[in-house]
>>> print(open('coords02.pdb').read())   # PDB, C-alpha atoms
ATOM      1  CA  MET A 291      30.816   7.684 -25.847  1.00  0.00           C
ATOM      2  CA  ALA A 292      29.777   6.613 -22.364  1.00  0.00           C
ATOM      3  CA  SER A 293      31.142   3.432 -20.830  1.00  0.00           C
ATOM      4  CA  VAL A 294      30.355   1.221 -17.857  1.00  0.00           C
ATOM      5  CA  GLU A 295      32.488  -1.105 -15.753  1.00  0.00           C
ATOM      6  CA  VAL A 296      31.997  -4.837 -16.228  1.00  0.00           C
ATOM      7  CA  ARG A 297      32.333  -6.913 -13.067  1.00  0.00           C
ATOM      8  CA  ASN A 298      32.321 -10.618 -12.383  1.00  0.00           C
ATOM      9  CA  ALA A 299      29.976 -12.355  -9.956  1.00  0.00           C
ATOM     10  CA  ALA A 300      32.463 -11.696  -7.139  1.00  0.00           C
ATOM     11  CA  GLY A 301      32.286  -7.942  -7.727  1.00  0.00           C
ATOM     12  CA  LYS A 302      35.775  -7.524  -9.224  1.00  0.00           C
ATOM     13  CA  VAL A 303      36.206  -5.280 -12.269  1.00  0.00           C
ATOM     14  CA  VAL A 304      37.156  -7.369 -15.318  1.00  0.00           C
ATOM     15  CA  GLY A 305      36.866  -4.690 -17.986  1.00  0.00           C
ATOM     16  CA  SER A 306      34.680  -1.921 -19.356  1.00  0.00           C
ATOM     17  CA  ARG A 307      31.994  -1.694 -22.002  1.00  0.00           C
ATOM     18  CA  ASP A 308      31.230   1.194 -24.327  1.00  0.00           C
ATOM     19  CA  LEU A 309      27.560   2.126 -24.498  1.00  0.00           C
ATOM     20  CA  PRO A 310      25.972   3.339 -27.743  1.00  0.00           C
ATOM     21  CA  ALA A 311      25.027   6.991 -27.640  1.00  0.00           C
ATOM     22  CA  GLU A 312      21.706   6.395 -29.397  1.00  0.00           C
ATOM     23  CA  LEU A 313      20.512   4.252 -26.474  1.00  0.00           C
ATOM     24  CA  PHE A 314      22.256   5.713 -23.436  1.00  0.00           C
ATOM     25  CA  GLU A 315      22.861   9.353 -24.315  1.00  0.00           C
ATOM     26  CA  ALA A 316      19.464  10.297 -25.690  1.00  0.00           C
ATOM     27  CA  PRO A 317      17.541  13.379 -24.476  1.00  0.00           C
ATOM     28  CA  VAL A 318      15.418  12.552 -21.439  1.00  0.00           C
ATOM     29  CA  ASN A 319      11.790  13.181 -22.403  1.00  0.00           C
ATOM     30  CA  GLY A 320       9.673  13.024 -19.243  1.00  0.00           C
ATOM     31  CA  PRO A 321       6.221  13.523 -20.835  1.00  0.00           C
ATOM     32  CA  LEU A 322       6.922  10.817 -23.416  1.00  0.00           C
ATOM     33  CA  MET A 323       7.995   8.320 -20.755  1.00  0.00           C
ATOM     34  CA  HIS A 324       4.885   9.161 -18.719  1.00  0.00           C
ATOM     35  CA  GLN A 325       2.602   8.588 -21.709  1.00  0.00           C
ATOM     36  CA  VAL A 326       4.166   5.209 -22.523  1.00  0.00           C
ATOM     37  CA  VAL A 327       4.057   4.063 -18.880  1.00  0.00           C
ATOM     38  CA  VAL A 328       0.392   5.064 -18.524  1.00  0.00           C
ATOM     39  CA  ALA A 329      -0.407   3.198 -21.739  1.00  0.00           C
ATOM     40  CA  GLY A 330       1.393   0.121 -20.438  1.00  0.00           C
ATOM     41  CA  LEU A 331      -0.434   0.166 -17.127  1.00  0.00           C
ATOM     42  CA  ALA A 332      -3.757   0.696 -18.896  1.00  0.00           C
ATOM     43  CA  ALA A 333      -3.170  -2.271 -21.186  1.00  0.00           C
ATOM     44  CA  ALA A 334      -2.607  -4.477 -18.145  1.00  0.00           C
ATOM     45  CA  ARG A 335      -6.116  -3.803 -16.846  1.00  0.00           C
ATOM     46  CA  ALA A 336      -8.530  -6.646 -17.489  1.00  0.00           C
ATOM     47  CA  GLY A 337     -11.526  -4.352 -17.854  1.00  0.00           C
ATOM     48  CA  THR A 338     -13.916  -7.118 -16.771  1.00  0.00           C
ATOM     49  CA  HIS A 339     -15.702  -5.131 -14.053  1.00  0.00           C
ATOM     50  CA  SER A 340     -19.456  -5.157 -14.473  1.00  0.00           C
ATOM     51  CA  THR A 341     -22.630  -4.153 -12.623  1.00  0.00           C
ATOM     52  CA  LYS A 342     -26.277  -4.889 -13.362  1.00  0.00           C
ATOM     53  CA  THR A 343     -28.713  -2.229 -14.431  1.00  0.00           C
ATOM     54  CA  ARG A 344     -32.338  -2.237 -13.294  1.00  0.00           C
ATOM     55  CA  ALA A 345     -33.169  -4.148 -16.474  1.00  0.00           C
ATOM     56  CA  GLU A 346     -30.771  -6.955 -15.557  1.00  0.00           C
ATOM     57  CA  VAL A 347     -31.619  -7.462 -11.873  1.00  0.00           C
ATOM     58  CA  ALA A 348     -34.020 -10.327 -11.216  1.00  0.00           C
ATOM     59  CA  GLY A 349     -37.509  -9.544  -9.942  1.00  0.00           C
ATOM     60  CA  GLY A 350     -39.353  -6.265  -9.665  1.00  0.00           C
ATOM     61  CA  GLY A 351     -41.870  -6.957 -12.384  1.00  0.00           C
ATOM     62  CA  ARG A 352     -44.830  -5.928 -10.246  1.00  0.00           C
ATOM     63  CA  LYS A 353     -45.526  -2.416  -9.047  1.00  0.00           C
ATOM     64  CA  PRO A 354     -44.884  -2.531  -5.264  1.00  0.00           C
ATOM     65  CA  TRP A 355     -48.056  -0.569  -4.374  1.00  0.00           C
ATOM     66  CA  ARG A 356     -50.670   1.495  -6.081  1.00  0.00           C
ATOM     67  CA  GLN A 357     -49.766   4.868  -7.494  1.00  0.00           C
ATOM     68  CA  LYS A 358     -51.967   7.043  -5.251  1.00  0.00           C
ATOM     69  CA  GLY A 359     -53.669   6.956  -1.920  1.00  0.00           C
ATOM     70  CA  THR A 360     -51.053   5.255   0.249  1.00  0.00           C
ATOM     71  CA  GLY A 361     -49.164   8.354   1.372  1.00  0.00           C
ATOM     72  CA  ARG A 362     -45.905   6.798   0.229  1.00  0.00           C
ATOM     73  CA  ALA A 363     -43.657   7.794  -2.627  1.00  0.00           C
ATOM     74  CA  ARG A 364     -44.536   6.588  -6.085  1.00  0.00           C
ATOM     75  CA  HIS A 365     -42.580   3.541  -7.259  1.00  0.00           C
ATOM     76  CA  GLY A 366     -42.863   1.309 -10.260  1.00  0.00           C
ATOM     77  CA  SER A 367     -40.347  -1.397  -9.355  1.00  0.00           C
ATOM     78  CA  ILE A 368     -38.370  -2.567  -6.354  1.00  0.00           C
ATOM     79  CA  ARG A 369     -35.363  -2.983  -8.652  1.00  0.00           C
ATOM     80  CA  SER A 370     -34.859   0.709  -9.398  1.00  0.00           C
ATOM     81  CA  PRO A 371     -31.465   2.145  -8.283  1.00  0.00           C
ATOM     82  CA  GLN A 372     -32.723   3.754  -5.061  1.00  0.00           C
ATOM     83  CA  TRP A 373     -33.900   0.400  -3.674  1.00  0.00           C
ATOM     84  CA  MET A 374     -31.627  -1.966  -1.775  1.00  0.00           C
ATOM     85  CA  GLY A 375     -30.891  -4.855  -4.108  1.00  0.00           C
ATOM     86  CA  GLY A 376     -31.856  -2.788  -7.112  1.00  0.00           C
ATOM     87  CA  GLY A 377     -29.854  -2.055 -10.226  1.00  0.00           C
ATOM     88  CA  VAL A 378     -26.847   0.274 -10.383  1.00  0.00           C
ATOM     89  CA  ALA A 379     -27.173   3.563 -12.218  1.00  0.00           C
ATOM     90  CA  HIS A 380     -24.245   4.446 -14.486  1.00  0.00           C
ATOM     91  CA  GLY A 381     -22.169   1.562 -13.119  1.00  0.00           C
ATOM     92  CA  PRO A 382     -19.059   0.127 -14.812  1.00  0.00           C
ATOM     93  CA  LYS A 383     -19.388  -2.259 -17.722  1.00  0.00           C
ATOM     94  CA  PRO A 384     -16.717  -4.390 -19.429  1.00  0.00           C
ATOM     95  CA  ARG A 385     -14.447  -2.205 -21.538  1.00  0.00           C
ATOM     96  CA  SER A 386     -10.946  -2.017 -22.945  1.00  0.00           C
ATOM     97  CA  TYR A 387      -8.517   0.497 -21.447  1.00  0.00           C
ATOM     98  CA  GLU A 388      -6.039   0.127 -24.300  1.00  0.00           C
ATOM     99  CA  MET A 389      -4.230   3.290 -25.346  1.00  0.00           C
ATOM    100  CA  ARG A 390      -2.484   3.412 -28.692  1.00  0.00           C
ATOM    101  CA  VAL A 391       1.202   4.289 -28.569  1.00  0.00           C
ATOM    102  CA  ASN A 392       3.241   3.798 -31.723  1.00  0.00           C
ATOM    103  CA  LYS A 393       6.589   2.021 -31.902  1.00  0.00           C
ATOM    104  CA  LYS A 394       8.562   5.218 -32.412  1.00  0.00           C
ATOM    105  CA  MET A 395       7.226   6.609 -29.137  1.00  0.00           C
ATOM    106  CA  LYS A 396       7.988   3.368 -27.278  1.00  0.00           C
ATOM    107  CA  ARG A 397      11.554   3.294 -28.567  1.00  0.00           C
ATOM    108  CA  GLY A 398      12.054   6.954 -27.721  1.00  0.00           C
ATOM    109  CA  ALA A 399      10.696   6.473 -24.206  1.00  0.00           C
ATOM    110  CA  LEU A 400      12.961   3.470 -23.595  1.00  0.00           C
ATOM    111  CA  ARG A 401      16.005   5.406 -24.798  1.00  0.00           C
ATOM    112  CA  SER A 402      15.066   8.231 -22.441  1.00  0.00           C
ATOM    113  CA  ALA A 403      14.667   5.810 -19.532  1.00  0.00           C
ATOM    114  CA  LEU A 404      18.011   4.093 -20.217  1.00  0.00           C
ATOM    115  CA  SER A 405      19.783   7.440 -20.581  1.00  0.00           C
ATOM    116  CA  ASP A 406      18.315   8.609 -17.285  1.00  0.00           C
ATOM    117  CA  ALA A 407      19.342   5.323 -15.632  1.00  0.00           C
ATOM    118  CA  LEU A 408      22.930   5.758 -16.804  1.00  0.00           C
ATOM    119  CA  SER A 409      23.173   9.378 -15.708  1.00  0.00           C
ATOM    120  CA  SER A 410      21.746   8.555 -12.278  1.00  0.00           C
ATOM    121  CA  GLY A 411      24.178   5.666 -11.693  1.00  0.00           C
ATOM    122  CA  LYS A 412      21.568   2.895 -11.730  1.00  0.00           C
ATOM    123  CA  LEU A 413      23.292   0.703 -14.330  1.00  0.00           C
ATOM    124  CA  ALA A 414      25.556  -2.230 -13.517  1.00  0.00           C
ATOM    125  CA  VAL A 415      26.975  -4.920 -15.807  1.00  0.00           C
ATOM    126  CA  VAL A 416      28.044  -8.414 -14.806  1.00  0.00           C
ATOM    127  CA  ASP A 417      30.225 -10.523 -17.065  1.00  0.00           C
ATOM    128  CA  GLU A 418      28.268 -13.772 -16.627  1.00  0.00           C
ATOM    129  CA  LEU A 419      25.840 -15.483 -14.278  1.00  0.00           C
ATOM    130  CA  SER A 420      25.988 -19.217 -13.673  1.00  0.00           C
ATOM    131  CA  PHE A 421      24.776 -21.398 -10.810  1.00  0.00           C
ATOM    132  CA  GLY A 422      25.822 -24.900 -11.780  1.00  0.00           C
ATOM    133  CA  GLU A 423      23.419 -27.780 -12.124  1.00  0.00           C
ATOM    134  CA  LYS A 424      20.623 -26.477  -9.921  1.00  0.00           C
ATOM    135  CA  PRO A 425      19.206 -23.134  -8.748  1.00  0.00           C
ATOM    136  CA  ARG A 426      20.911 -21.507  -5.753  1.00  0.00           C
ATOM    137  CA  THR A 427      19.094 -18.534  -4.280  1.00  0.00           C
ATOM    138  CA  ARG A 428      21.771 -18.074  -1.605  1.00  0.00           C
ATOM    139  CA  GLU A 429      24.417 -17.615  -4.300  1.00  0.00           C
ATOM    140  CA  ALA A 430      22.147 -15.220  -6.185  1.00  0.00           C
ATOM    141  CA  ALA A 431      21.787 -13.083  -3.072  1.00  0.00           C
ATOM    142  CA  ALA A 432      25.574 -13.212  -2.622  1.00  0.00           C
ATOM    143  CA  VAL A 433      26.035 -11.907  -6.173  1.00  0.00           C
ATOM    144  CA  LEU A 434      23.835  -8.911  -5.429  1.00  0.00           C
ATOM    145  CA  GLY A 435      25.816  -8.272  -2.263  1.00  0.00           C
ATOM    146  CA  SER A 436      29.140  -8.482  -4.102  1.00  0.00           C
ATOM    147  CA  LEU A 437      27.914  -6.031  -6.732  1.00  0.00           C
ATOM    148  CA  GLU A 438      26.513  -3.741  -3.988  1.00  0.00           C
ATOM    149  CA  LEU A 439      23.029  -3.735  -5.476  1.00  0.00           C
ATOM    150  CA  GLU A 440      20.304  -2.728  -3.038  1.00  0.00           C
ATOM    151  CA  GLY A 441      16.621  -1.875  -3.288  1.00  0.00           C
ATOM    152  CA  ARG A 442      14.513  -2.951  -6.252  1.00  0.00           C
ATOM    153  CA  VAL A 443      16.828  -4.656  -8.733  1.00  0.00           C
ATOM    154  CA  LEU A 444      15.926  -5.272 -12.377  1.00  0.00           C
ATOM    155  CA  LEU A 445      17.930  -8.181 -13.794  1.00  0.00           C
ATOM    156  CA  VAL A 446      18.140  -8.110 -17.596  1.00  0.00           C
ATOM    157  CA  LEU A 447      19.075 -11.351 -19.379  1.00  0.00           C
ATOM    158  CA  PRO A 448      19.501 -11.803 -23.144  1.00  0.00           C
ATOM    159  CA  GLU A 449      16.941 -14.634 -23.293  1.00  0.00           C
ATOM    160  CA  PRO A 450      15.596 -17.453 -21.113  1.00  0.00           C
ATOM    161  CA  THR A 451      18.413 -19.819 -20.157  1.00  0.00           C
ATOM    162  CA  GLU A 452      18.245 -23.444 -21.266  1.00  0.00           C
ATOM    163  CA  ASP A 453      18.077 -24.924 -17.775  1.00  0.00           C
ATOM    164  CA  GLY A 454      16.391 -21.907 -16.185  1.00  0.00           C
ATOM    165  CA  ASN A 455      18.773 -21.978 -13.207  1.00  0.00           C
ATOM    166  CA  VAL A 456      19.573 -18.259 -13.334  1.00  0.00           C
ATOM    167  CA  GLU A 457      15.898 -17.262 -13.362  1.00  0.00           C
ATOM    168  CA  LEU A 458      15.036 -19.750 -10.620  1.00  0.00           C
ATOM    169  CA  SER A 459      17.957 -18.602  -8.469  1.00  0.00           C
ATOM    170  CA  PHE A 460      16.778 -14.978  -8.455  1.00  0.00           C
ATOM    171  CA  ARG A 461      13.044 -15.667  -8.517  1.00  0.00           C
ATOM    172  CA  ASN A 462      12.682 -16.119  -4.749  1.00  0.00           C
ATOM    173  CA  LEU A 463      14.353 -12.791  -3.970  1.00  0.00           C
ATOM    174  CA  PRO A 464      11.457 -10.373  -3.373  1.00  0.00           C
ATOM    175  CA  THR A 465      13.394  -7.286  -4.504  1.00  0.00           C
ATOM    176  CA  VAL A 466      14.464  -8.727  -7.863  1.00  0.00           C
ATOM    177  CA  LYS A 467      12.513  -8.725 -11.105  1.00  0.00           C
ATOM    178  CA  ILE A 468      13.781 -10.631 -14.134  1.00  0.00           C
ATOM    179  CA  THR A 469      13.254  -9.482 -17.707  1.00  0.00           C
ATOM    180  CA  PHE A 470      14.877  -9.985 -21.104  1.00  0.00           C
ATOM    181  CA  SER A 471      16.465  -7.603 -23.591  1.00  0.00           C
ATOM    182  CA  GLY A 472      13.679  -8.067 -26.124  1.00  0.00           C
ATOM    183  CA  SER A 473      10.940  -7.209 -23.621  1.00  0.00           C
ATOM    184  CA  LEU A 474      12.582  -4.446 -21.600  1.00  0.00           C
ATOM    185  CA  SER A 475       9.950  -1.894 -20.613  1.00  0.00           C
ATOM    186  CA  VAL A 476      10.054   1.762 -19.652  1.00  0.00           C
ATOM    187  CA  TYR A 477       8.018   1.036 -16.515  1.00  0.00           C
ATOM    188  CA  ASP A 478      10.502  -1.562 -15.236  1.00  0.00           C
ATOM    189  CA  VAL A 479      13.499   0.674 -15.956  1.00  0.00           C
ATOM    190  CA  LEU A 480      12.006   3.668 -14.164  1.00  0.00           C
ATOM    191  CA  ARG A 481      10.708   1.670 -11.196  1.00  0.00           C
ATOM    192  CA  ALA A 482      13.987  -0.132 -10.453  1.00  0.00           C
ATOM    193  CA  ASP A 483      16.526   1.302  -8.034  1.00  0.00           C
ATOM    194  CA  ARG A 484      19.335  -0.590  -9.788  1.00  0.00           C
ATOM    195  CA  ILE A 485      19.495  -2.297 -13.200  1.00  0.00           C
ATOM    196  CA  LEU A 486      21.826  -5.262 -13.679  1.00  0.00           C
ATOM    197  CA  PHE A 487      22.661  -6.267 -17.259  1.00  0.00           C
ATOM    198  CA  THR A 488      24.636  -9.330 -18.178  1.00  0.00           C
ATOM    199  CA  ARG A 489      27.224  -8.657 -20.882  1.00  0.00           C
ATOM    200  CA  ALA A 490      25.220 -10.780 -23.334  1.00  0.00           C
ATOM    201  CA  ALA A 491      22.006  -8.916 -22.515  1.00  0.00           C
ATOM    202  CA  LEU A 492      23.704  -5.595 -23.181  1.00  0.00           C
ATOM    203  CA  GLU A 493      24.988  -6.872 -26.518  1.00  0.00           C
ATOM    204  CA  ALA A 494      21.516  -8.093 -27.449  1.00  0.00           C
ATOM    205  CA  LEU A 495      20.021  -4.726 -26.535  1.00  0.00           C
ATOM    206  CA  GLU A 496      22.612  -2.930 -28.625  1.00  0.00           C
ATOM    207  CA  GLY A 497      21.928  -5.203 -31.584  1.00  0.00           C
ATOM    208  CA  THR A 498      25.465  -6.644 -31.580  1.00  0.00           C
ATOM    209  CA  GLY A 499      24.646 -10.071 -30.127  1.00  0.00           C
ATOM    210  CA  THR A 500      26.158 -13.099 -31.851  1.00  0.00           C
ATOM    211  CA  ASP A 501      22.912 -15.101 -31.926  1.00  0.00           C
ATOM    212  CA  GLU A 502      20.750 -14.657 -34.997  1.00  0.00           C
ATOM    213  CA  GLY A 503      18.004 -12.215 -34.148  1.00  0.00           C
ATOM    214  CA  GLY A 504      19.522 -11.748 -30.708  1.00  0.00           C
ATOM    215  CA  GLY A 505      19.846  -8.000 -31.068  1.00  0.00           C
ATOM    216  CA  SER A 506      16.891  -5.849 -31.965  1.00  0.00           C
ATOM    217  CA  ALA A 507      15.411  -2.443 -31.380  1.00  0.00           C
ATOM    218  CA  PRO A 508      13.728  -1.873 -28.027  1.00  0.00           C
ATOM    219  CA  ALA A 509      10.526  -3.863 -27.898  1.00  0.00           C
ATOM    220  CA  ASP A 510       6.965  -2.880 -27.149  1.00  0.00           C
ATOM    221  CA  GLU A 511       5.884  -2.252 -23.590  1.00  0.00           C
ATOM    222  CA  PRO A 512       5.397  -5.531 -21.738  1.00  0.00           C
ATOM    223  CA  GLU A 513       3.142  -6.746 -18.937  1.00  0.00           C
ATOM    224  CA  VAL A 514       2.769  -4.903 -15.576  1.00  0.00           C
ATOM    225  CA  PRO A 515       2.749  -6.325 -12.416  1.00  0.00           C
ATOM    226  CA  GLU A 516       2.966  -7.290 -11.750  1.00  0.00           C
ATOM    227  CA  VAL A 517       1.684  -4.638 -15.449  1.00  0.00           C
ATOM    228  CA  ALA A 518       1.691  -3.418 -19.073  1.00  0.00           C
ATOM    229  CA  GLU A 519       1.944  -0.852 -21.939  1.00  0.00           C
TER     230      GLU A 519
END
>>> encode(input="coords02.pdb", output="structure tokens")
Amino acid sequence: MASVEVRNAAGKVVGSRDLPAELFEAPVNGPLMHQVVVAGLAAARAGTHSTKTRAEVAGGGRKPWRQKGTGRARHGSIRSPQWMGGGVAHGPKPRSYEMRVNKKMKRGALRSALSDALSSGKLAVVDELSFGEKPRTREAAAVLGSLELEGRVLLVLPEPTEDGNVELSFRNLPTVKITFSGSLSVYDVLRADRILFTRAALEALEGTGTDEGGGSAPADEPEVPEVAE
């Protein structure tokens, strides 16, 4: 069974944590991860783009000139697609880009992504994060420095904190994205350069959290940027 070092906010090793093989030692399935990520990004598209056809553009009810005898091309309306200000031929209309991906595929893709993250050395675990009575972005940046986390960092918490100080402390750091164990997505895991779990978040992901309902199977693909499923 694989294990990972657990450090405190100062970067000192305070123990180790065994990782379940079903989550962190699964076969890495590249095509499956790609399919789930594409589905997540597609679901994030609003699909509200729209253009007007010649039937929807105002005006053009009168034939611009007579059919024959002028020496010019024959036209029936100034709102046909070849006219400036006319309708758009075969233009986009509102549609849904949703792609169906079942829960088994989403769970399998997340296991593959977590296994790949572990094997590539992207995972880090911190014992606890606390910033007192108010948010402190400077201390949050110091924590990342102590843990030697650089690049795009994905911070995984078990659930929103009561006072929100942890989220607010990291929110202003442009390289950090915050997510929760129940909404961890394949896209976020693959995109991050480093992934920082709190001990409680790791327990919730493994299904061994002490809070009722705190631990569950990997959830459906979430929003994308920032995007989604």
>>> residues_around(input="coords02.pdb", residues="A:Gly381", least_positions_apart="6", cutoff="8 Å", atoms="all atoms listed in the file", output="JSON, numbers by chain")
{"A": [340, 341, 342, 343]}
>>> axis_aligned_box(input="coords02.pdb", around="stretch 470-479 of chain A", padding_each_side="6 Å", output="JSON")
{"center_x": 12.2, "center_y": -4.1, "center_z": -20.7, "size_x": 20.4, "size_y": 23.7, "size_z": 22.9}
>>> closest_residue(input="coords02.pdb", among="A:Ile485, A:Ala300, A:Val378, A:Leu495", to="A:Leu445", atoms="all atoms listed in the file")
A:Ile485
>>> closest_residue(input="coords02.pdb", among="A:Arg442, A:Arg401, A:Lys394, A:Arg426", to="A:Asn462", atoms="all atoms listed in the file")
A:Arg426
>>> resolve_selection(input="coords02.pdb", expression="the PyMOL selection byres ((chain A and resi 441) around 10)", output="ChimeraX atom specification")
/A:439-440,442-444,464-466,482-484
>>> closest_residue(input="coords02.pdb", among="A:Ala432, A:Val304, A:Ala333, A:Ile468", to="A:Ser386", atoms="all atoms listed in the file")
A:Ala333
>>> closest_residue(input="coords02.pdb", among="A:Val347, A:Leu331, A:Ala336, A:Leu322", to="A:Asn392", atoms="all atoms listed in the file")
A:Leu322
>>> closest_residue(input="coords02.pdb", among="A:Ser402, A:Gln372, A:Gln357, A:Ser367", to="A:Val476", atoms="all atoms listed in the file")
A:Ser402
>>> closest_residue(input="coords02.pdb", among="A:Arg352, A:Ala299, A:Ala363, A:Val415", to="A:Glu429", atoms="all atoms listed in the file")
A:Ala299
>>> resolve_selection(input="coords02.pdb", expression="the PyMOL selection byres ((chain A and resi 329) around 10)", output="list in words")
Met323, His324, Gln325, Val326, Val327, Val328, Gly330, Leu331, Ala332, Ala333, Ala334, Tyr387, Glu388, Met389, Arg390, Val391, Glu511, Ala518 and Glu519 of chain A
